[in-house]
Amino acid sequence: MTRDAKRHLLQAPTLVAPGAEEPRDRDSTHQNGSDHERQAPRIGLLRDELAAVKEVLDVTLNNVEQGILMIDADHYVRLYNKKFVDLLEIPKKVLTNPLHFQQIIEYQWSVREFGGVSEDIASWIRSGGIFKSPPVYERRRPNGTVLEIRTTMLEDGGAVRTFSDVTDRCKKEEALKRAEVEYRSLFENAVVGIYRSTVDGRQLRANPALVQLNGYASEAEMLASVNDIGREWYVDPNRREQFLHEMRTRGRVTDFISEVYRHRTREKIWVSETAWSVRSEDGQPVVFEGTVLDASARMHSEAKIAFMAHHDMLTGLPNRAYLTQRIENTLRDIRVSGRFAVHYLDLDRFKEVNDTLGHAAGDTLLRLAGRRLKKCVRTTDTVARLGGDEFAVIQFAVLDDGEAEELAARMVRSLSTPYRIGPHYANVGASVGIAIAPGDGHDVQALIKNADIALYEAKAGGRRIYRRFHPSMEAGLQERRQIELDLRGALARGEFIVEFQPVISLASGETEGFEALIRWQRPQRGQVEPSVFIPIAEEIGIIEPIGEWVLREASRQVACLPGTPFVAVNLSPFQFRSRGIVKTIMSAIASAGLPPSRLVLEITENVLLRDDKSTRDALSHLRQLGARIALDDFGAGHSSLHYLRKFQFDKFKIDRSFISAFENDRAASAVVRAVINMGRDLGVMVVAEGVETQKQLDGLKALGCHAAQGFFLGEPRVIDDWIVATETASDDASAPLAAPSEGKEDRRRFGERRATSS
């Protein structure tokens, strides 16, 4: 058979023997026809068998896991299976009939099939391909598949090649290699000692950390020197037996603390050992493996750890656990020690400092506060930090209540003095609650609870004060908790209203604008003073939405007034920390139709404490848009002058505390005079707050103060009242828009709390 004929494996065999002669006569032809007819069934059977064999061969070849390729000595492909096509992704257009092996190679070069192979493999592919290939090699295809390629040469000069997908196997092998490298790296580079030893105590392996811990230069030196761990390592020989007992009963030890020798120097150290048994198939321990840590510092630091367990690490003061234990001991011996007081304190507005200046500044403030407290008490008393901005003091040997109250007042004064933190000043106060044993509690929990209740009463009373516990305070605490609960839903229920207090020009007597003041109409309970609910709103984190509501509502209502009066709205530090504060403000006045020039934003020093770029940019942007910025409570803080160099203001508002003392206090009068003169020199308008008498008003006019507000000039009213007043004033030119108020003492105290806390 010729080589061309061999390429067609499934070609039917010839039925006429080579060299047979044609029949010479009819009889012979008839005879041959008869023979053919007799052989026809057998020939058909052979064809069926051949077809069946072909089908079995096709099924077999196309369902094996390997790709198969057979070529003859002339490099023509005699057969291939489906797996071969799939693994090498050979398109149908390449698989012609007849198919030369070089066609496949050329296609593979065209699609960069061999782009990742080594130069050796690429070289023999170019020089002859399959006939010069190694019997077995692996190749990674461009798609990441790894093929194992085996070639078997045939006797007739052809070859059979199989292709197996060994990607998974290679991944496992690579993973195993990586694991071995990682384990070796972990063993060699671990900072803890790692070892393997025999059960009878002979060292088998030791990593560099363990070698160094034991004072040797190399693993080989250590292994050669250590033959009996129990005898040579443990200071207490019985410790090895205890170790073996744990390993026999539990199969492992964890944090097994022992005093041992450094093998080479015989220096004593403490180590912590964690070890486990490696067992044979029958469950018997073969070797021990484990880790060793130097625990010397840990053991030597036990006293320090005990200190840390009972002290606050930030301030170094005793902590809550120590305080509780000390109170328990004192109560137990109260007949000997006598009466004692527990003072509970927390810093007012500490969160604002922490949020504006940062946690580092907050930590500094807490340390300074702790030092001040220690200076306030005797050496026999105890000062503790409970957490956050909360402190406690145990005052021993209290002879009468006056001694406890005197100490509380001293602590309030000390803690309320401004703090210098780097370039900043932090102005916080303190509130104190006092409980005296045994009258206010016979056990720790009762005493602490009652001191805490008294603290809440002090905070509710205006802060920077102290309160002695009284049983009636428990009802007050319950009321505060109810206020907090009601306050959370007050905005959604529409229980807030805004009233407006006029700001009067002292030159013309005309109303220039209004300050917006919030009111809470609490259902079934009446009005709640802002001084009560605003601090609570700040504490529970809802002051920002309330402040935004006031801004929008005040802008909307004042926009309805005739003329061009401004509206002054207070911004709390919590609102001003929002990155979207400028957008919120401009959105509020835009929706109200109020020009930016009619909006005055009143801020306090607490807003400026952070003194960062975002604060300066926001103030600058608001002024550029036309809004005016007023520094509220000017003079009441400790660094108002400091901020005049950093921020540009349109108004100063003199704090009401100076105005109330203006008539009789020379110092207050001097401050008022200085602020007015400073405003004149800087071109900044000055507004006096809290004007309540004609004498105050006359004095401010004489000093050249630009404007004033207060109950003497006009009490806060809802916007409808001012609309009516405006209409009346337009009808009667002699009628003042804001007449002095009389008999409004209760309302005055209520009205002077702003919409947001300053």
# chains A, B, ... in the order shown; residues from 1 in each chain; ligands from 1
$ residues_around --residues "Leu407 of chain A" --least-positions-apart "2" --cutoff "10 Å" --atoms "only C-alpha atoms" --output "ChimeraX atom specification"
/A:343,376-377,393,395,402-405,409-413,466
$ closest_residue --among "A:Gln108, A:Asn238, A:Gln624, A:Thr291" --to "Tyr195 of chain A" --atoms "only C-alpha atoms"
A:Thr291
$ residues_around --residues "Gly230 of chain A" --least-positions-apart "3" --cutoff "6 Å" --atoms "only C-alpha atoms" --output "number ranges by chain"
A: 233-234, 240
$ select_by_dssp --residues "segment 46-214 of chain A" --states "strand (DSSP E)" --output "ChimeraX atom specification"
/A:67-71,77-80,136-140,146-153,159-165,193-198,203-206
$ atom_distance --atom1 "atom CA of Arg202 of chain A" --atom2 "atom CA of Ser185 of chain A"
24.0 Å
$ atom_distance --atom1 "atom CA of Gly67 of chain A" --atom2 "atom CA of Ile104 of chain A"
14.4 Å
